[in-house]
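Q: This is run_9.cif (mmCIF, C-alpha atoms).
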data_work
loop_
_atom_site.label_atom_id
_atom_site.label_comp_id
_atom_site.auth_asym_id
_atom_site.auth_seq_id
_atom_site.Cartn_x
_atom_site.Cartn_y
_atom_site.Cartn_z
CA MET A 1 -27.53 6.96 6.72
CA ASN A 2 -25.52 10.17 6.46
CA VAL A 3 -22.11 9.86 4.77
CA PHE A 4 -19.23 12.34 4.56
CA LEU A 5 -16.93 11.99 1.55
CA ILE A 6 -13.50 13.61 1.70
CA GLY A 7 -11.77 14.58 -1.55
CA SER A 8 -12.15 16.60 -4.72
CA GLY A 9 -10.88 14.56 -7.66
CA GLY A 10 -12.14 12.19 -10.30
CA ARG A 11 -11.90 9.26 -7.90
CA GLU A 12 -14.15 11.06 -5.42
CA HIS A 13 -16.63 12.02 -8.15
CA ALA A 14 -16.90 8.33 -9.07
CA LEU A 15 -17.35 7.35 -5.41
CA ALA A 16 -20.02 10.04 -4.93
CA TRP A 17 -21.85 8.88 -8.06
CA LYS A 18 -21.89 5.29 -6.83
CA ILE A 19 -22.66 5.99 -3.16
CA ALA A 20 -25.55 8.25 -4.20
CA GLN A 21 -27.25 5.22 -5.80
CA SER A 22 -27.51 3.38 -2.48
CA PRO A 23 -30.97 2.99 -0.93
CA LEU A 24 -29.21 3.14 2.46
CA LEU A 25 -28.11 6.73 1.88
CA LYS A 26 -29.95 9.61 3.49
CA THR A 27 -27.59 12.53 2.77
CA LEU A 28 -24.14 12.58 1.20
CA PHE A 29 -21.90 15.47 2.21
CA ALA A 30 -18.53 16.20 0.58
CA ALA A 31 -15.49 18.39 1.14
CA THR A 32 -13.91 19.91 -0.74
CA GLY A 33 -15.81 18.49 -3.69
CA ASN A 34 -15.94 19.64 -7.31
CA PRO A 35 -18.70 20.55 -9.82
CA GLY A 36 -19.28 16.87 -10.67
CA ILE A 37 -19.49 15.78 -7.04
CA LYS A 38 -21.98 18.60 -6.45
CA ASP A 39 -24.48 16.72 -8.63
CA HIS A 40 -24.61 13.95 -6.02
CA ALA A 41 -23.64 15.52 -2.70
CA GLU A 42 -24.03 18.60 -0.56
CA ILE A 43 -20.70 20.43 -0.71
CA VAL A 44 -19.68 21.74 2.71
CA ASP A 45 -17.00 24.16 3.85
CA VAL A 46 -15.00 21.98 6.24
CA ASP A 47 -11.22 22.14 6.57
CA ILE A 48 -10.29 18.48 6.13
CA ASN A 49 -6.81 19.18 7.55
CA ASN A 50 -8.39 20.27 10.84
CA HIS A 51 -9.36 16.98 12.44
CA GLU A 52 -11.29 18.63 15.26
CA ALA A 53 -13.35 20.56 12.72
CA VAL A 54 -14.10 17.32 10.85
CA ILE A 55 -15.18 15.62 14.09
CA ALA A 56 -17.41 18.57 15.02
CA PHE A 57 -19.07 18.50 11.59
CA CYS A 58 -19.65 14.75 11.76
CA LYS A 59 -21.30 15.04 15.15
CA LEU A 60 -23.43 17.99 14.05
CA GLN A 61 -24.73 16.13 10.98
CA ASN A 62 -24.94 12.67 12.59
CA ILE A 63 -22.46 11.23 10.11
CA GLU A 64 -22.46 7.43 10.29
CA LEU A 65 -19.56 6.84 7.89
CA VAL A 66 -16.65 8.94 6.65
CA VAL A 67 -15.17 7.85 3.31
CA VAL A 68 -11.67 9.19 2.72
CA GLY A 69 -10.74 9.35 -0.97
CA PRO A 70 -7.15 10.66 -1.32
CA GLU A 71 -3.99 9.38 0.32
CA GLN A 72 -2.72 12.55 1.98
CA PRO A 73 -5.41 12.81 4.70
CA LEU A 74 -4.91 9.11 5.48
CA VAL A 75 -1.14 9.44 5.77
CA ASP A 76 -1.70 12.55 7.90
CA GLY A 77 -3.75 10.42 10.30
CA ILE A 78 -7.33 11.59 9.86
CA THR A 79 -8.77 8.15 10.67
CA ASP A 80 -7.44 7.80 14.22
CA PRO A 81 -9.07 10.84 15.91
CA LEU A 82 -12.36 10.19 14.09
CA GLU A 83 -12.51 6.61 15.31
CA ALA A 84 -11.50 7.73 18.80
CA ALA A 85 -14.55 10.03 18.69
CA GLY A 86 -16.79 7.07 17.83
CA ILE A 87 -17.14 7.87 14.10
CA LYS A 88 -16.75 5.04 11.60
CA VAL A 89 -14.20 5.60 8.83
CA PHE A 90 -13.51 3.81 5.58
CA GLY A 91 -9.73 4.11 5.42
CA PRO A 92 -6.64 2.86 7.25
CA SER A 93 -5.05 4.25 10.39
CA LYS A 94 -2.02 6.51 10.23
CA ALA A 95 0.24 3.58 11.07
CA ALA A 96 -1.31 1.34 8.43
CA SER A 97 -1.14 4.16 5.86
CA GLN A 98 2.64 3.84 5.92
CA LEU A 99 2.11 1.21 3.24
CA GLU A 100 1.78 4.16 0.88
CA GLY A 101 3.34 6.92 2.95
CA SER A 102 6.75 5.24 3.05
CA LYS A 103 8.18 3.14 0.23
CA GLY A 104 10.85 1.93 2.64
CA PHE A 105 8.24 0.73 5.14
CA THR A 106 6.59 -1.40 2.46
CA LYS A 107 9.88 -2.86 1.24
CA ASP A 108 10.89 -3.75 4.80
CA LEU A 109 7.52 -5.44 5.34
CA CYS A 110 8.01 -7.44 2.13
CA ALA A 111 11.45 -8.57 3.31
CA LYS A 112 10.10 -9.56 6.73
CA TYR A 113 7.17 -11.59 5.40
CA SER A 114 8.70 -12.97 2.17
CA ILE A 115 6.41 -11.02 -0.16
CA PRO A 116 7.79 -11.11 -3.73
CA THR A 117 9.18 -7.73 -4.81
CA GLY A 118 12.32 -6.27 -6.36
CA ALA A 119 15.57 -6.28 -4.36
CA TYR A 120 16.22 -2.90 -2.77
CA GLN A 121 18.24 -0.66 -0.47
CA ARG A 122 17.21 2.47 1.46
CA PHE A 123 19.38 5.61 1.59
CA ASP A 124 19.34 8.93 3.43
CA ASN A 125 22.12 10.56 1.41
CA ALA A 126 22.95 10.95 -2.27
CA ASP A 127 26.53 9.66 -2.18
CA ASP A 128 25.64 6.21 -0.82
CA ALA A 129 22.59 5.96 -3.08
CA LYS A 130 24.71 6.77 -6.14
CA ALA A 131 27.43 4.31 -5.15
CA TYR A 132 24.89 1.50 -4.84
CA THR A 133 23.23 2.51 -8.10
CA ARG A 134 26.55 2.42 -9.95
CA GLU A 135 27.19 -1.07 -8.56
CA GLN A 136 23.79 -2.31 -9.72
CA GLY A 137 23.71 -0.57 -13.12
CA ALA A 138 20.71 0.32 -15.24
CA PRO A 139 17.85 -0.18 -15.77
CA ILE A 140 17.00 0.56 -12.14
CA VAL A 141 14.20 2.24 -10.20
CA ILE A 142 14.62 5.32 -8.00
CA LYS A 143 11.80 6.16 -5.57
CA ALA A 144 11.29 9.09 -3.24
CA ASP A 145 10.28 7.43 0.02
CA GLY A 146 7.23 9.59 0.76
CA LEU A 147 4.17 10.88 -1.05
CA ALA A 148 4.94 12.79 -4.23
CA ALA A 149 1.56 12.92 -5.99
CA GLY A 150 2.46 9.98 -8.20
CA LYS A 151 5.58 11.70 -9.53
CA GLY A 152 8.32 10.48 -7.17
CA VAL A 153 9.24 7.31 -9.08
CA THR A 154 11.80 7.19 -11.88
CA VAL A 155 12.22 4.04 -13.94
CA ALA A 156 15.73 4.85 -15.12
CA MET A 157 16.85 3.13 -18.31
CA SER A 158 20.35 4.64 -18.10
CA LEU A 159 22.79 5.26 -15.28
CA ASP A 160 22.81 9.01 -15.95
CA GLU A 161 19.02 9.12 -15.62
CA ALA A 162 19.20 7.21 -12.33
CA LEU A 163 21.85 9.50 -10.86
CA ALA A 164 19.87 12.57 -11.92
CA ALA A 165 16.78 11.15 -10.23
CA ILE A 166 18.71 10.69 -7.00
CA ASP A 167 19.85 14.31 -7.19
CA ASP A 168 16.27 15.42 -7.77
CA CYS A 169 15.14 13.67 -4.61
CA PHE A 170 17.86 14.98 -2.33
CA ASP A 171 17.82 18.46 -3.89
CA GLY A 172 14.19 18.89 -2.85
CA ALA A 173 12.25 18.29 -6.08
CA PHE A 174 9.70 16.28 -4.07
CA GLY A 175 9.96 18.16 -0.79
CA ALA A 176 10.11 16.10 2.37
CA ALA A 177 9.08 13.01 0.37
CA GLY A 178 12.61 12.84 -1.04
CA ALA A 179 14.49 13.01 2.25
CA GLU A 180 14.98 9.26 1.94
CA VAL A 181 15.32 7.28 -1.28
CA VAL A 182 14.63 3.65 -2.14
CA VAL A 183 16.72 2.18 -4.94
CA GLU A 184 15.30 -1.06 -6.24
CA ALA A 185 15.73 -3.61 -8.98
CA TYR A 186 13.98 -3.07 -12.29
CA LEU A 187 11.22 -5.62 -12.84
CA ASP A 188 10.49 -6.67 -16.41
CA GLY A 189 6.93 -7.62 -17.28
CA GLU A 190 3.42 -6.23 -17.57
CA GLU A 191 1.95 -3.94 -14.93
CA ALA A 192 -1.48 -4.31 -13.38
CA SER A 193 -3.47 -2.61 -10.64
CA PHE A 194 -5.33 -4.95 -8.30
CA PHE A 195 -7.79 -3.86 -5.59
CA CYS A 196 -9.10 -5.47 -2.41
CA LEU A 197 -11.46 -4.29 0.28
CA CYS A 198 -10.02 -5.05 3.71
CA ASP A 199 -11.36 -4.94 7.27
CA GLY A 200 -8.16 -5.75 9.18
CA LYS A 201 -8.69 -9.52 8.97
CA THR A 202 -10.43 -10.29 5.68
CA ALA A 203 -9.38 -9.24 2.17
CA LEU A 204 -12.16 -9.26 -0.40
CA PRO A 205 -10.77 -9.16 -3.95
CA MET A 206 -12.38 -6.56 -6.18
CA ALA A 207 -11.05 -6.32 -9.73
CA ALA A 208 -7.96 -5.48 -11.74
CA ALA A 209 -7.20 -2.66 -14.13
CA GLN A 210 -4.28 -1.34 -16.13
CA ASP A 211 -3.35 2.31 -16.29
CA HIS A 212 -1.01 4.48 -18.34
CA LYS A 213 1.40 6.48 -16.19
CA ARG A 214 3.50 8.18 -18.85
CA VAL A 215 2.25 11.49 -20.16
CA GLY A 216 2.72 10.79 -23.86
CA ASP A 217 1.60 8.34 -26.52
CA GLY A 218 3.68 5.19 -26.71
CA ASP A 219 4.37 5.40 -22.98
CA THR A 220 6.81 8.27 -23.41
CA GLY A 221 7.61 11.28 -21.25
CA PRO A 222 7.51 11.69 -17.46
CA ASN A 223 5.34 9.74 -15.07
CA THR A 224 2.01 11.27 -14.07
CA GLY A 225 -0.81 10.40 -11.72
CA GLY A 226 -2.30 8.44 -14.64
CA MET A 227 -3.41 9.42 -18.14
CA GLY A 228 -6.02 6.72 -18.61
CA ALA A 229 -6.92 3.15 -17.73
CA TYR A 230 -9.08 0.18 -18.63
CA ALA A 231 -10.64 -2.76 -16.83
CA PRO A 232 -10.64 -5.67 -16.54
CA ALA A 233 -6.93 -6.31 -17.06
CA PRO A 234 -6.44 -9.29 -19.39
CA VAL A 235 -3.09 -10.16 -17.80
CA MET A 236 -4.84 -10.89 -14.47
CA SER A 237 -6.11 -14.39 -15.17
CA ASP A 238 -7.90 -16.37 -12.47
CA GLU A 239 -4.60 -18.11 -11.71
CA MET A 240 -2.70 -14.82 -11.44
CA THR A 241 -5.40 -13.35 -9.22
CA ALA A 242 -5.28 -16.36 -6.92
CA ARG A 243 -1.49 -16.15 -6.71
CA THR A 244 -1.64 -12.43 -5.97
CA MET A 245 -4.03 -13.06 -3.10
CA LYS A 246 -2.00 -15.94 -1.67
CA GLU A 247 1.53 -14.64 -2.21
CA ILE A 248 1.05 -10.88 -1.72
CA VAL A 249 -2.26 -9.69 -0.26
CA GLU A 250 -2.83 -12.30 2.44
CA PRO A 251 0.70 -12.21 3.90
CA THR A 252 0.62 -8.43 3.83
CA LEU A 253 -2.68 -8.29 5.71
CA ALA A 254 -1.46 -10.91 8.20
CA GLY A 255 1.89 -9.15 8.61
CA MET A 256 0.30 -5.76 9.22
CA ALA A 257 -1.95 -7.29 11.90
CA GLN A 258 1.00 -9.13 13.43
CA ASP A 259 2.96 -5.86 13.62
CA GLY A 260 0.08 -4.06 15.31
CA HIS A 261 -1.11 -2.10 12.26
CA PRO A 262 -4.24 -3.94 11.02
CA PHE A 263 -5.21 -2.62 7.61
CA LYS A 264 -8.75 -1.66 6.72
CA GLY A 265 -9.96 0.25 3.71
CA VAL A 266 -9.00 -0.43 0.12
CA LEU A 267 -5.63 -1.97 -0.64
CA PHE A 268 -4.37 -1.00 -4.09
CA VAL A 269 -1.72 -3.48 -5.18
CA GLY A 270 0.61 -2.23 -7.90
CA LEU A 271 1.88 -5.37 -9.62
CA MET A 272 4.43 -6.39 -12.17
CA ILE A 273 3.54 -9.71 -13.78
CA THR A 274 6.96 -11.22 -14.50
CA ASP A 275 8.14 -14.61 -15.73
CA LYS A 276 8.11 -15.69 -12.07
CA GLY A 277 4.56 -14.50 -11.46
CA PRO A 278 3.16 -11.48 -9.60
CA GLU A 279 5.65 -9.21 -7.86
CA LEU A 280 4.83 -6.13 -5.82
CA ILE A 281 5.83 -2.73 -7.20
CA GLU A 282 4.11 -0.70 -4.49
CA TYR A 283 1.04 -0.44 -2.32
CA ASN A 284 -1.43 2.40 -2.21
CA VAL A 285 -3.97 2.76 0.58
CA ARG A 286 -6.86 4.22 -1.43
CA PHE A 287 -8.66 3.63 -4.70
CA GLY A 288 -6.59 4.33 -7.78
CA ASP A 289 -7.30 7.39 -9.86
CA PRO A 290 -8.40 6.87 -12.64
CA GLU A 291 -8.92 3.14 -11.93
CA CYS A 292 -11.66 3.84 -9.38
CA GLN A 293 -13.82 5.34 -12.11
CA LEU A 294 -13.74 2.00 -13.96
CA LEU A 295 -14.50 -0.05 -10.86
CA MET A 296 -17.51 2.07 -9.98
CA LEU A 297 -18.94 1.72 -13.50
CA ARG A 298 -18.53 -2.06 -13.49
CA LEU A 299 -19.56 -2.84 -9.88
CA LYS A 300 -23.09 -4.25 -9.89
CA ASP A 301 -23.57 -4.20 -6.11
CA ASP A 302 -24.46 -1.42 -3.71
CA LEU A 303 -21.12 0.08 -2.67
CA LEU A 304 -22.19 1.62 0.62
CA PRO A 305 -22.75 -1.57 2.68
CA LEU A 306 -19.38 -2.86 1.48
CA LEU A 307 -17.58 0.28 2.66
CA LEU A 308 -19.44 0.10 5.96
CA ALA A 309 -18.53 -3.58 6.44
CA ALA A 310 -14.86 -2.78 5.85
CA ALA A 311 -15.03 0.01 8.45
CA GLU A 312 -16.84 -2.23 10.95
CA GLY A 313 -14.62 -5.29 10.49
CA SER A 314 -17.43 -7.44 9.08
CA LEU A 315 -16.43 -8.15 5.47
CA ASP A 316 -16.40 -11.92 5.96
CA GLY A 317 -19.31 -13.38 4.00
CA HIS A 318 -19.64 -10.44 1.63
CA SER A 319 -19.02 -10.74 -2.12
CA MET A 320 -18.98 -8.52 -5.18
CA SER A 321 -20.32 -8.99 -8.70
CA TRP A 322 -19.10 -7.24 -11.82
CA ASP A 323 -20.56 -6.22 -15.15
CA ASP A 324 -19.16 -8.21 -18.06
CA ASN A 325 -18.55 -5.04 -20.06
CA VAL A 326 -15.13 -3.48 -20.48
CA ALA A 327 -14.61 0.05 -19.13
CA LEU A 328 -12.02 2.54 -20.38
CA THR A 329 -11.23 6.08 -19.28
CA VAL A 330 -9.23 8.80 -21.01
CA VAL A 331 -7.76 11.59 -18.89
CA MET A 332 -7.99 15.07 -20.34
CA ALA A 333 -5.19 17.13 -18.81
CA ALA A 334 -4.33 20.81 -18.82
CA GLU A 335 -1.58 22.14 -21.06
CA GLY A 336 1.72 21.96 -19.20
CA TYR A 337 0.85 18.91 -17.08
CA PRO A 338 2.58 17.32 -15.21
CA ALA A 339 5.13 20.12 -14.67
CA SER A 340 3.13 23.38 -14.70
CA PRO A 341 -0.51 22.88 -15.71
CA LEU A 342 -2.36 25.89 -17.08
CA LYS A 343 -5.41 26.77 -14.96
CA GLY A 344 -8.46 28.90 -15.65
CA THR A 345 -9.14 27.89 -19.25
CA GLU A 346 -12.75 27.31 -20.29
CA ILE A 347 -14.14 23.88 -21.14
CA LYS A 348 -17.25 23.54 -23.30
CA GLY A 349 -19.40 20.65 -24.43
CA VAL A 350 -19.23 18.40 -21.36
CA ASP A 351 -22.98 18.67 -20.75
CA GLN A 352 -23.70 17.76 -24.39
CA ILE A 353 -22.51 14.16 -23.97
CA THR A 354 -25.64 12.08 -23.44
CA ASP A 355 -24.61 8.55 -24.43
CA ALA A 356 -25.85 6.18 -21.72
CA ASP A 357 -22.59 4.20 -21.75
CA THR A 358 -20.39 7.28 -21.29
CA LYS A 359 -19.75 9.15 -18.04
CA ILE A 360 -17.64 12.26 -17.51
CA PHE A 361 -16.00 12.39 -14.09
CA HIS A 362 -14.69 15.77 -12.99
CA ALA A 363 -11.16 15.70 -11.60
CA GLY A 364 -9.83 19.27 -11.62
CA THR A 365 -12.66 21.64 -12.50
CA VAL A 366 -14.36 24.68 -11.04
CA VAL A 367 -17.37 26.76 -12.07
CA LYS A 368 -16.93 30.54 -12.16
CA ASP A 369 -19.45 32.99 -13.58
CA GLY A 370 -21.39 30.08 -15.02
CA LYS A 371 -18.37 28.74 -16.93
CA LEU A 372 -16.64 25.38 -16.42
CA LEU A 373 -12.90 26.02 -15.99
CA ALA A 374 -9.82 23.86 -15.65
CA ASN A 375 -8.50 23.99 -12.08
CA GLY A 376 -5.86 21.30 -11.97
CA GLY A 377 -3.50 19.08 -13.93
CA ARG A 378 -5.77 16.14 -14.63
CA VAL A 379 -9.09 17.81 -15.33
CA LEU A 380 -11.64 15.35 -16.79
CA ASN A 381 -11.97 11.56 -16.90
CA VAL A 382 -13.93 10.60 -20.00
CA THR A 383 -15.13 7.09 -19.24
CA ALA A 384 -17.12 4.61 -21.32
CA THR A 385 -18.19 0.99 -21.26
CA GLY A 386 -18.53 -1.39 -24.19
CA ASN A 387 -18.86 -5.04 -25.10
CA ASP A 388 -15.11 -5.20 -25.64
CA ILE A 389 -12.04 -3.01 -25.31
CA ILE A 390 -12.32 -1.61 -28.84
CA GLN A 391 -15.95 -0.53 -28.40
CA ALA A 392 -15.19 1.04 -25.01
CA ARG A 393 -12.19 2.87 -26.48
CA ASP A 394 -14.16 4.17 -29.46
CA LYS A 395 -17.00 5.48 -27.27
CA ALA A 396 -14.59 7.21 -24.90
CA TYR A 397 -12.64 8.91 -27.70
CA ASP A 398 -15.84 9.94 -29.48
CA ALA A 399 -16.80 11.79 -26.29
CA VAL A 400 -13.31 13.26 -25.88
CA LYS A 401 -13.41 14.70 -29.39
CA SER A 402 -16.76 16.35 -28.76
CA ILE A 403 -15.38 18.37 -25.83
CA ASP A 404 -14.28 21.88 -26.79
CA TRP A 405 -11.14 22.64 -24.79
CA PRO A 406 -8.21 23.90 -26.90
CA GLN A 407 -5.87 24.08 -23.89
CA GLY A 408 -6.45 20.45 -22.95
CA PHE A 409 -4.62 17.36 -24.20
CA TYR A 410 -4.86 13.59 -23.89
CA ARG A 411 -3.17 10.40 -24.96
CA ASN A 412 -4.49 8.77 -28.11
CA ASP A 413 -3.52 5.18 -27.27
CA ILE A 414 -5.27 4.29 -24.01
CA GLY A 415 -5.90 0.55 -23.92
CA TRP A 416 -3.20 -0.33 -26.44
CA ARG A 417 -2.00 -3.46 -24.61
CA ALA A 418 -5.46 -4.99 -24.43
CA ILE A 419 -6.19 -4.00 -28.03
CA GLU A 420 -2.99 -5.70 -29.19
CA ARG A 421 -4.12 -8.88 -27.44
CA VAL A 422 -7.43 -8.77 -29.31
CA LYS A 423 -5.72 -8.20 -32.67
CA ASN A 424 -3.26 -11.01 -32.08
#
Translate this structure into structure tokens?
A:
Amino acid sequence: MNVFLIGSGGREHALAWKIAQSPLLKTLFAATGNPGIKDHAEIVDVDINNHEAVIAFCKLQNIELVVVGPEQPLVDGITDPLEAAGIKVFGPSKAASQLEGSKGFTKDLCAKYSIPTGAYQRFDNADDAKAYTREQGAPIVIKADGLAAGKGVTVAMSLDEALAAIDDCFDGAFGAAGAEVVVEAYLDGEEASFFCLCDGKTALPMAAAQDHKRVGDGDTGPNTGGMGAYAPAPVMSDEMTARTMKEIVEPTLAGMAQDGHPFKGVLFVGLMITDKGPELIEYNVRFGDPECQLLMLRLKDDLLPLLLAAAEGSLDGHSMSWDDNVALTVVMAAEGYPASPLKGTEIKGVDQITDADTKIFHAGTVVKDGKLLANGGRVLNVTATGNDIIQARDKAYDAVKSIDWPQGFYRNDIGWRAIERVKN
């Protein structure tokens, strides 16, 4: 079958790498792609923001499945016109994508269907938001309602930090995403990322991971799209996974269907494991980045029929099996990230890494005049598998240190929570 992959980051490189292994695949096309994706797919010049152009391309190439990687095209509603044209899509509708596109939408859904999450209020002006925040005190969480490339959430440990975050939102730091703000209770515990494939009726649990959002070692500095991750997540025991499915995923899927927005695609559940159990931090409507890279390395099954079943509404009866190895990825980012990443600097040594347990996923790269250059904030995902978390970490960092990129940086402590568990 012919498949069209939309996206250009590390997540999409991992998806392309995995889809390309399927015996069902005839040709994989991708837009806009990157140098890593190009190894597995035919890169095509299609404006993914022009839905009519995407439909025309799919019809021309007899595309049987469109796989949408990033959140923005989903929130913009790319799925609906494609499906109306008779083209199958792995990804939720515009209405269902509100689970990520609007923090307020998700919190209201949680309130309606008794899904455990932090107490909250929604605000459309700074004065009321600040008054409520002063009443609640710190620590407290301030969220821009819309999409902000993973940077619209402030976990404020002081009142001054919270008030400044509210000003940032309403002063336009996150564009239209900050026109409304959600202020919610701070949840104390351990975070985890949990993923399910969904077809509108059935939720098929995948696996859990833990990522590192802060830019600096020791979880310091501003939030980013993610500086590294590892899987599986030790905190997600069988009991915690079962509770997450029963208390969060299943009522969400049922509630979305009840409200006329059946959800299909991948549901990314951002969790805080508290003393009370799993509580929802937020939903995303696509694979995590860089968590997807770990899932693709550990998934033993053919991915393509699973994506197709989700798109067709036929997931019931399917299952997934996972490699016992631990996977860990280190993000190499460009100097200045997340504020003003430096672009155009040369990266050497990527093609010299030949260890069978190590894979380099391109996230923000471009080739010009035969040179590999940085072309984004998060640039490379150096990913490795091992028998345990320490072996996976050591392999990943060995590869990182062999890459010659003076203008790049990375965290040195990816996996620290899981490593502490092993040592203790």
Q: Quick check on the file I pasted: which residues fall under the PyMOL selection byres ((chain A and resi 123-130) around 8)? Write them as a ChimeraX atom specification.
A: /A:121-122,131-134,163,166-167,170,179-183
Q: Taking into account all atoms listed in the file, which residue in the set A:Ala162, A:Ile48, A:Leu197, A:Cys58 is nearest to A:Gly91?
A: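 So, comparing all the options, the nearest one is A:Leu197.
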Q: List, as a ChimeraX atom specification, every residue that the PyMOL selection byres ((chain A and resi 379-383) around 6) selects in the file provided.
A: /A:328-333,358-365,376-378,384,396
Q: Evaluating the PyMOL selection byres ((chain A and resi 258-270) around 6) on the displayed file yields which residues, as a list of chain:residue names?
A: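 Given this file, the PyMOL selection byres ((chain A and resi 258-270) around 6) evaluates to A:Phe90, A:Gly91, A:Pro92, A:Ala95, A:Ala96, A:Ser193, A:Phe194, A:Phe195, A:Cys196, A:Leu197, A:Cys198, A:Asp199, A:Gly200, A:Gly255, A:Met256, A:Ala257, A:Leu271, A:Ile281, A:Glu282, A:Tyr283, A:Asn284, A:Val285, A:Arg286.
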Q: Which residue out of A:Ile6, A:Ala16, A:Cys292, A:Ala31 has the minimum interatomic distance to A:Pro73 when all atoms listed in the file are used?
A: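 For A:Pro73, the nearest of the candidates is A:Ile6.
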Q: Using all atoms listed in the file, determine which residues lie at most 12 Å from A:Phe57, disregarding the query and same-chain residues fewer than 3 positions distant; provide the list as a list of chain:residue names.
A: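 Near A:Phe57, the qualifying residues are A:Asn2, A:Val3, A:Phe4, A:Phe29, A:Ala30, A:Ala31, A:Val44, A:Asp45, A:Val46, A:Asp47, A:Ile48, A:Asn50, A:His51, A:Glu52, A:Ala53, A:Val54, A:Leu60, A:Gln61, A:Asn62, A:Ile63, A:Glu64, A:Val66, A:Leu82, A:Ala85, A:Ile87.
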Q: Which residues of stretch 96-177 of chain A have any atom within 12 Å of an atom in stretch 215-239 of chain A when counting all atoms listed in the file, and what is the closest pair of atoms for each, with the distance in Å to one decimal? Order the rows by chain and rising number and write it as JSON lines.
A:
{"residue": "A:Leu147", "atom": "CA", "partner": "A:Gly225", "partner_atom": "CA", "distance": 11.8}
{"residue": "A:Ala148", "atom": "CA", "partner": "A:Gly225", "partner_atom": "CA", "distance": 9.7}
{"residue": "A:Ala149", "atom": "CA", "partner": "A:Gly225", "partner_atom": "CA", "distance": 6.7}
{"residue": "A:Gly150", "atom": "CA", "partner": "A:Gly225", "partner_atom": "CA", "distance": 4.8}
{"residue": "A:Lys151", "atom": "CA", "partner": "A:Thr224", "partner_atom": "CA", "distance": 5.8}
{"residue": "A:Gly152", "atom": "CA", "partner": "A:Asn223", "partner_atom": "CA", "distance": 8.5}
{"residue": "A:Val153", "atom": "CA", "partner": "A:Asn223", "partner_atom": "CA", "distance": 7.5}
{"residue": "A:Thr154", "atom": "CA", "partner": "A:Asn223", "partner_atom": "CA", "distance": 7.6}
{"residue": "A:Val155", "atom": "CA", "partner": "A:Asn223", "partner_atom": "CA", "distance": 9.0}
{"residue": "A:Ala156", "atom": "CA", "partner": "A:Pro222", "partner_atom": "CA", "distance": 10.9}
{"residue": "A:Glu161", "atom": "CA", "partner": "A:Pro222", "partner_atom": "CA", "distance": 11.9}
{"residue": "A:Ala165", "atom": "CA", "partner": "A:Pro222", "partner_atom": "CA", "distance": 11.8}
Q: Quick check, in Å to one decimal: how far apart do atom CA of A:Thr32 and atom CA of A:Leu304 lie?
A: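 Atom CA of A:Leu304 lies 20.1 Å from atom CA of A:Thr32.
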Q: So how far away is atom CA of A:Leu99 from atom CA of A:Val75, in Å?
A: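 Answer for the atom CA of A:Val75 to atom CA of A:Leu99 separation: 9.2 Å.
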Q: May I ask for the distance between atom CA of A:Ile78 and atom CA of A:Ser314, given in Å to one decimal place?
A: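 Between these atoms lies a distance of 21.6 Å.
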Q: Write out as JSON, numbers by chain which residues come within 12 Å of A:Cys110 when counting only C-alpha atoms, dropping same-chain ones fewer than 3 positions away.
A: {"A": [99, 103, 104, 105, 106, 107, 113, 114, 115, 116, 117, 118, 119, 120, 247, 248, 249, 250, 251, 252, 253, 254, 255, 256, 279, 280, 281, 282, 283]}
Q: Quick one: residues within 8 Å of A:Asp323, all atoms listed in the file counted, chain neighbours fewer than 2 positions away excluded, as a list in words?
A: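 Non-adjacent residues within range: Arg298, Leu299, Lys300, Ser321 and Asn325 of chain A.
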Q: Residues within 9 Å of A:Leu308, please, as a short mmCIF file (atom, residue, chain, number, x, y, z; two decimals) with C-alpha atoms, keeping the file's coordinate frame. Count all atoms listed in the file; anything in the same chain fewer than 4 positions from it doesn't count.
A:
data_model
loop_
_atom_site.label_atom_id
_atom_site.label_comp_id
_atom_site.auth_asym_id
_atom_site.auth_seq_id
_atom_site.Cartn_x
_atom_site.Cartn_y
_atom_site.Cartn_z
CA LEU A 65 -19.56 6.84 7.89
CA LYS A 88 -16.75 5.04 11.60
CA VAL A 89 -14.20 5.60 8.83
CA PHE A 90 -13.51 3.81 5.58
CA LEU A 303 -21.12 0.08 -2.67
CA LEU A 304 -22.19 1.62 0.62
CA GLU A 312 -16.84 -2.23 10.95
CA GLY A 313 -14.62 -5.29 10.49
CA SER A 314 -17.43 -7.44 9.08
CA LEU A 315 -16.43 -8.15 5.47
#
Q: Taking all atoms listed in the file into account, name the residue in A:Ser97, A:Ile390, A:Ile55, A:Lys18 that is nearest to A:Glu83.
A: A:Ile55
Q: Have a look at A:Leu74, A:Phe409, A:Val422, A:Ala164 and name the one nearest to A:Tyr337; count all atoms listed in the file.
A: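 Checking each candidate against A:Tyr337, we get A:Phe409 as the closest.
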Q: May I have the residues within 9 Å of A:Asp357 as a list in words, using all atoms listed in the file and disregarding those fewer than 3 positions away in the same chain?
A: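 Neighbouring residues, sequence-local ones excluded: Thr354, Thr383, Ala384, Thr385, Gly386, Ala392 and Lys395 of chain A.
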Q: Write the residues you've just listed into a file as a tab-separated table (two decimals), in the frame of the given file, and include C-alpha atoms for each of them.
A:
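What ended up in selection.tsv:
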chain	number	residue	atom	x	y	z
A	354	THR	CA	-25.64	12.08	-23.44
A	383	THR	CA	-15.13	7.09	-19.24
A	384	ALA	CA	-17.12	4.61	-21.32
A	385	THR	CA	-18.19	0.99	-21.26
A	386	GLY	CA	-18.53	-1.39	-24.19
A	392	ALA	CA	-15.19	1.04	-25.01
A	395	LYS	CA	-17.00	5.48	-27.27
Q: Build an axis-aligned box that encloses every atom of stretch 397-402 of chain A listed in the file, pad it by 3 Å on each side, and report its centre and edge lengths in Å to one decimal, as AutoDock Vina command-line options.
A:
--center_x -14.7 --center_y 12.6 --center_z -27.7 --size_x 10.2 --size_y 13.4 --size_z 9.6
